[in-house]
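S.K.: This structure is in structure tokens; I'll ask about it shortly.
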Amino acid sequence: MKIRMCFGGAALMALVLTLPTGLVAQNRLASNATPAAERPFGTLREQAAMQQGWLKKRLDTVLPGLMRKHGIDMWVVPMREYNEDPVFWSITAPETFAARRRTIYVFFDTCAAAGTPVSTACVERIAFGGTSQGGVFDARRSSTPVVADVGGQQAELWGDEQWQVLKRAIEERKPSVIGINRSTIFAFTDGLSSGELQGMSEALGATWTSKFRNAEELPLELIASRLPEEEAFFERMNAHVWQMTQQMFSADVIVPGTTRTSDLVWWWRQRVNDQGLGTWFQPSVSVQRQGATSGEIGEDPIIMPGDVLHCDVGITVARLNTDTQHNAYVLKAGETDVPAGLKKALANANAMQNFAMQEMRPGRTGNEALMSVLAQMKAAGINGTMYSHPIGMNGHGAGPLVGLWDYQAGVPGRGDAKVIPSMWFSIELQATTPVPEWGGQPVRMAQEEDMIIGADGKTRWAHKRQDTLFLVRSR
């Protein structure tokens, strides 16, 4: 049966106003803005198999050396479901989303006491109360609950028996140092909750709790350390982000005079979702405009010819994250290129990137690298700020901070950690430059590109860096 419907102008407007915002906003984008869904990094099953290989190799080849380096012969990592330690995602399989009731991961260097050179065979890996994580742990569970008085009645406390199992394991192995994840500086190494510390301490007693030592840099470096296989995958992720930002900042998506910055934000979110990817933060798109302050432009402006566009975007794949900031220029009628002053603004930001790549060397602290970059900026007459961070298993990752936007004299504590080989950074910064074509108006050119410090200590971009502004042409 066919039903014919007719709408007058008022009725049609009423219908449009009832549509979801996204459907209306889609009309502000170019007609071919949203391609079909795809799987640029394979199926979830394929990704999981790849991640499992990374997990085994990391625990086999990276962890033993870190335990010996930091003088910890037993590392104990207890946690409860939905209160997981930050290191959890670096030591568990991709099919594991949470701890099971109480899970205690134990790593013991069987060769430390004898002074035997560290090797894969030296570190025993046990999961009390958890699974084998695809065969990388020896999974052990107790079937005997602890019985205790609760409200005047005897009750079985399932999970507390794990402490007794742990105590027996410690008594059998007699470690000299028991590393625990407790820190006043680094969130990544402060995963031991107060309740777990109390329960473990009461169960183990004074003899063994006296062996406790804050693991501090051990989990920090394990989370930060990346494998060559992960580097290759990360390069693909960054190349994909580049392709997406170039498409977003183009006439394929933007209709100058019609498209708003929020349309681009939701284009990114939808595109990421359609490709089976994730993102670890809400993307942002902003505008700088000749003769206008940010307050005059507004929070969600319509993109106009002559605007400088900036985005801050990221994707998440296989527990790895990217963080990228790119810039574009919307050509005015009759223009074929970017004004020279805006090119100079970008060149100043590129110079800061060069300084950062030179100074990010293994063995240096984040604060030392920051001071060197700022000194080079001053010598070059560049006005800007440096606020770079590690990236990898977390967007704002484990390792040293190289400044914060409001800490340009160094970051106490978190900036004192050292750069290590095989870690990644997001080189994030901004240079502010007066633009003659805009009457000397300062333009803030913020950039962010992911880089890799190889096992050999050499630095390289994960893909490349932006040294020309993307051009948005009117149709």
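Naming works like this for the structure tokens: A, B, ... for the chains as they're shown, residue 1 at the start of each chain, ligands 1 onward in shown order.
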Mind checking DSSP for stretch 286-347 of chain A and telling me the strand (DSSP E or B) residues as a ChimeraX atom specification?

M.R.: /A:286-289,292,302,308-313,316-317,320-321,324-330

S.K.: When you look at A:Gln288 with a cut-off of 10 Å (counting only C-alpha atoms), what residues show up, excluding the ones that are within fewer than 6 positions of it in the same chain? I need them as an MDAnalysis selection string.

M.R.: chainID A and resid 294 297 303 306:310 329 442:445

S.K.: If you count only C-alpha atoms, which residues fall within 7 Å of A:Ile254, apart from same-chain ones fewer than 3 positions away, as JSON, numbers by chain?

M.R.: {"A": [29, 30, 249, 250, 251, 259]}

S.K.: Emit the selected residues as an mmCIF file, in the first residue's frame, including N, CA and C atoms.

M.R.:
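Once written, result-v1.cif looks like this:
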```cif
data_model
loop_
_atom_site.group_PDB
_atom_site.id
_atom_site.type_symbol
_atom_site.label_atom_id
_atom_site.label_comp_id
_atom_site.auth_asym_id
_atom_site.auth_seq_id
_atom_site.Cartn_x
_atom_site.Cartn_y
_atom_site.Cartn_z
ATOM 1 N N LEU A 29 28.138 18.834 5.228
ATOM 2 C CA LEU A 29 29.369 18.267 4.698
ATOM 3 C C LEU A 29 29.229 18.062 3.198
ATOM 4 N N ALA A 30 30.360 17.903 2.530
ATOM 5 C CA ALA A 30 30.320 17.572 1.101
ATOM 6 C C ALA A 30 29.558 16.275 0.900
ATOM 7 N N PHE A 249 40.446 17.517 5.945
ATOM 8 C CA PHE A 249 40.777 18.893 5.594
ATOM 9 C C PHE A 249 40.878 19.028 4.071
ATOM 10 N N SER A 250 39.795 18.761 3.384
ATOM 11 C CA SER A 250 39.764 18.865 1.927
ATOM 12 C C SER A 250 38.345 19.162 1.468
ATOM 13 N N ALA A 251 38.210 19.478 0.187
ATOM 14 C CA ALA A 251 36.883 19.727 -0.385
ATOM 15 C C ALA A 251 36.042 18.462 -0.450
ATOM 16 N N THR A 259 30.072 24.318 6.209
ATOM 17 C CA THR A 259 30.518 23.309 7.179
ATOM 18 C C THR A 259 31.003 23.960 8.471
#
```

S.K.: Could you give me, as a Markdown table, a per-residue list for stretch 60-81 of chain A showing, wherever an atom lies at most 6 Å from an atom of stretch 99-117 of chain A, the closest pair of atoms and their distance in Å to one decimal, using only C-alpha atoms and sorting by chain then residue number from low to high?

M.R.:
```
| residue | atom | partner | partner_atom | distance |
| --- | --- | --- | --- | --- |
| A:Asp73 | CA | A:Asp109 | CA | 4.9 |
| A:Met74 | CA | A:Phe108 | CA | 4.4 |
| A:Trp75 | CA | A:Phe107 | CA | 5.1 |
| A:Val76 | CA | A:Val106 | CA | 4.7 |
| A:Val77 | CA | A:Tyr105 | CA | 5.0 |
| A:Pro78 | CA | A:Ile104 | CA | 4.0 |
| A:Met79 | CA | A:Thr103 | CA | 5.6 |
| A:Arg80 | CA | A:Arg102 | CA | 4.4 |
| A:Glu81 | CA | A:Ala99 | CA | 4.5 |
```

S.K.: So that I can check the surroundings of A:Gln441, please list as a PyMOL selection string every protein, DNA and RNA residue that reaches within 8 Å of it, counting only C-alpha atoms and ignoring chain neighbours fewer than 3 positions away.

M.R.: chain A and resi 290-291+434-436+438

S.K.: Applying 10 Å and only C-alpha atoms, which residues near A:Ala139 remain after dropping the ones on its own chain fewer than 3 positions away? List them as a list in words.

M.R.: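 The residues satisfying every condition are Tyr105, Arg125, Ile126, Ala127, Phe128, Gly129, Gly130, Thr131, Ser132, Gln133, Gly135 and Val136 of chain A.
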
S.K.: For A:Thr316, which residue out of A:Met304, A:Ala369, A:Val411, A:Met237 is the nearest one, using only C-alpha atoms?

M.R.: A:Met237

S.K.: With a distance cut-off of 10 Å and only C-alpha atoms, select the neighbouring residues of A:Thr385, excluding the residue or stretch itself and same-chain residues fewer than 6 positions from it, and output the selection as a ChimeraX atom specification.

M.R.: /A:349,352,370,373-374,377,403-408,428-432,446

S.K.: Keeping only N, CA, C and O atoms, take the residues you just selected and write them out as a PDB file, in the first residue's frame.

M.R.:
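selection19.pdb written:
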```pdb
ATOM      1  N   ALA A 349      57.333  26.099  13.743  1.00  0.00           N
ATOM      2  CA  ALA A 349      56.932  24.888  14.462  1.00  0.00           C
ATOM      3  C   ALA A 349      57.765  23.697  14.004  1.00  0.00           C
ATOM      4  O   ALA A 349      58.158  22.845  14.821  1.00  0.00           O
ATOM      5  N   MET A 352      61.047  23.697  15.804  1.00  0.00           N
ATOM      6  CA  MET A 352      60.921  23.153  17.151  1.00  0.00           C
ATOM      7  C   MET A 352      60.892  21.628  17.118  1.00  0.00           C
ATOM      8  O   MET A 352      61.467  20.966  17.996  1.00  0.00           O
ATOM      9  N   LEU A 370      63.772  19.105  27.619  1.00  0.00           N
ATOM     10  CA  LEU A 370      62.997  20.348  27.543  1.00  0.00           C
ATOM     11  C   LEU A 370      63.910  21.562  27.605  1.00  0.00           C
ATOM     12  O   LEU A 370      63.774  22.498  26.798  1.00  0.00           O
ATOM     13  N   VAL A 373      65.735  22.079  24.338  1.00  0.00           N
ATOM     14  CA  VAL A 373      64.853  22.576  23.273  1.00  0.00           C
ATOM     15  C   VAL A 373      64.565  24.062  23.473  1.00  0.00           C
ATOM     16  O   VAL A 373      64.635  24.858  22.528  1.00  0.00           O
ATOM     17  N   LEU A 374      64.254  24.458  24.702  1.00  0.00           N
ATOM     18  CA  LEU A 374      63.945  25.863  24.972  1.00  0.00           C
ATOM     19  C   LEU A 374      65.139  26.767  24.694  1.00  0.00           C
ATOM     20  O   LEU A 374      64.977  27.890  24.208  1.00  0.00           O
ATOM     21  N   MET A 377      65.295  27.213  20.982  1.00  0.00           N
ATOM     22  CA  MET A 377      64.220  28.112  20.551  1.00  0.00           C
ATOM     23  C   MET A 377      64.604  29.568  20.792  1.00  0.00           C
ATOM     24  O   MET A 377      64.403  30.436  19.940  1.00  0.00           O
ATOM     25  N   GLY A 403      57.948  18.747  29.358  1.00  0.00           N
ATOM     26  CA  GLY A 403      57.180  19.965  29.542  1.00  0.00           C
ATOM     27  C   GLY A 403      55.682  19.701  29.593  1.00  0.00           C
ATOM     28  O   GLY A 403      55.193  18.645  29.197  1.00  0.00           O
ATOM     29  N   LEU A 404      54.962  20.664  30.122  1.00  0.00           N
ATOM     30  CA  LEU A 404      53.510  20.783  30.014  1.00  0.00           C
ATOM     31  C   LEU A 404      53.253  22.211  29.560  1.00  0.00           C
ATOM     32  O   LEU A 404      54.101  23.090  29.743  1.00  0.00           O
ATOM     33  N   TRP A 405      52.089  22.469  28.978  1.00  0.00           N
ATOM     34  CA  TRP A 405      51.866  23.815  28.436  1.00  0.00           C
ATOM     35  C   TRP A 405      52.022  24.896  29.504  1.00  0.00           C
ATOM     36  O   TRP A 405      52.431  26.021  29.199  1.00  0.00           O
ATOM     37  N   ASP A 406      51.726  24.546  30.775  1.00  0.00           N
ATOM     38  CA  ASP A 406      51.861  25.516  31.859  1.00  0.00           C
ATOM     39  C   ASP A 406      53.044  25.199  32.775  1.00  0.00           C
ATOM     40  O   ASP A 406      53.152  25.753  33.866  1.00  0.00           O
ATOM     41  N   TYR A 407      53.948  24.304  32.334  1.00  0.00           N
ATOM     42  CA  TYR A 407      55.171  23.972  33.089  1.00  0.00           C
ATOM     43  C   TYR A 407      56.351  24.037  32.117  1.00  0.00           C
ATOM     44  O   TYR A 407      56.870  23.013  31.685  1.00  0.00           O
ATOM     45  N   GLN A 408      56.783  25.236  31.799  1.00  0.00           N
ATOM     46  CA  GLN A 408      57.883  25.391  30.855  1.00  0.00           C
ATOM     47  C   GLN A 408      59.236  25.514  31.548  1.00  0.00           C
ATOM     48  O   GLN A 408      60.261  25.686  30.882  1.00  0.00           O
ATOM     49  N   GLU A 428      54.686  17.139  20.725  1.00  0.00           N
ATOM     50  CA  GLU A 428      53.581  18.089  20.766  1.00  0.00           C
ATOM     51  C   GLU A 428      54.113  19.459  21.177  1.00  0.00           C
ATOM     52  O   GLU A 428      54.835  19.570  22.172  1.00  0.00           O
ATOM     53  N   LEU A 429      53.726  20.489  20.424  1.00  0.00           N
ATOM     54  CA  LEU A 429      54.291  21.817  20.648  1.00  0.00           C
ATOM     55  C   LEU A 429      53.468  22.863  19.906  1.00  0.00           C
ATOM     56  O   LEU A 429      52.577  22.529  19.127  1.00  0.00           O
ATOM     57  N   GLN A 430      53.826  24.122  20.139  1.00  0.00           N
ATOM     58  CA  GLN A 430      53.231  25.208  19.359  1.00  0.00           C
ATOM     59  C   GLN A 430      54.221  26.346  19.226  1.00  0.00           C
ATOM     60  O   GLN A 430      54.992  26.634  20.152  1.00  0.00           O
ATOM     61  N   ALA A 431      54.206  26.979  18.059  1.00  0.00           N
ATOM     62  CA  ALA A 431      54.987  28.191  17.815  1.00  0.00           C
ATOM     63  C   ALA A 431      54.011  29.300  17.452  1.00  0.00           C
ATOM     64  O   ALA A 431      53.118  29.099  16.625  1.00  0.00           O
ATOM     65  N   THR A 432      54.168  30.465  18.062  1.00  0.00           N
ATOM     66  CA  THR A 432      53.305  31.613  17.788  1.00  0.00           C
ATOM     67  C   THR A 432      54.097  32.644  17.004  1.00  0.00           C
ATOM     68  O   THR A 432      55.145  33.120  17.477  1.00  0.00           O
ATOM     69  N   ALA A 446      50.082  24.956  16.135  1.00  0.00           N
ATOM     70  CA  ALA A 446      50.272  23.800  17.015  1.00  0.00           C
ATOM     71  C   ALA A 446      50.412  22.546  16.177  1.00  0.00           C
ATOM     72  O   ALA A 446      49.630  22.314  15.245  1.00  0.00           O
TER      73      ALA A 446
END
```

S.K.: What separation in Å, quoted to one decimal, exists between atom CA of A:Val123 and atom CA of A:Leu166?

M.R.: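 Atom CA of A:Leu166 lies 16.6 Å from atom CA of A:Val123.
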
S.K.: Atom CA of A:Lys167 and atom CA of A:Glu202, how far apart in Å?

M.R.: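 Taking atom CA of A:Glu202 as the start and atom CA of A:Lys167 as the end point, the length is 10.6 Å.
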
S.K.: Work out how far apart atom CA of A:Ile223 and atom CA of A:Ala398 are and give it in Å to one decimal.

M.R.: 6.3 Å

S.K.: Just checking: using only C-alpha atoms, which residue out of A:Leu220, A:Val272, A:Ala169, A:Leu197 ends up closest to A:Pro40?

M.R.: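 Closest residue, counting only C-alpha atoms: A:Val272.
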
S.K.: Using only C-alpha atoms for the distances, tell me which of A:Ile391, A:Ala375, A:Val313, A:Leu59 is nearest to A:Arg269.

M.R.: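 Result for the nearest residue to A:Arg269: A:Val313.
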
S.K.: Rank A:Thr433, A:Asn321, A:Gln246, A:Thr189 by their smallest atom-to-atom distance to A:Gly399, using only C-alpha atoms, and report the top residue only.

M.R.: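 Looking at the shortest contact to A:Gly399, the residue is A:Thr189.
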
S.K.: Excluding A:Met244 and residues on its chain fewer than 6 positions from it, collect all residues at most 12 Å away from it, counting only C-alpha atoms, and give them as a list of chain:residue names.

M.R.: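 Selected residues are A:Ala33, A:Thr34, A:Pro35, A:Pro40, A:Met237, A:Asn238, A:Ser250, A:Asp252, A:Val253, A:Leu264, A:Trp267, A:Trp268, A:Arg269, A:Gln270, A:Arg271, A:Val272, A:Gln275, A:Cys311, A:Val313, A:Gly314, A:Ile315, A:Thr324, A:Gln325, A:His326.
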
S.K.: What are the DSSP helix (DSSP H, G or I) residues of stretch 262-343 of chain A, as a list in words?

M.R.: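 Selection result, helix (DSSP H, G or I) within stretch 262-343 of chain A: Ser262, Asp263, Leu264, Val265, Trp266, Trp267, Trp268, Arg269, Gln270, Arg271, Val272, Asn273, Asp274, Ser294, Gly295, Glu296, Ile297, Ala340, Gly341, Leu342 and Lys343 of chain A.
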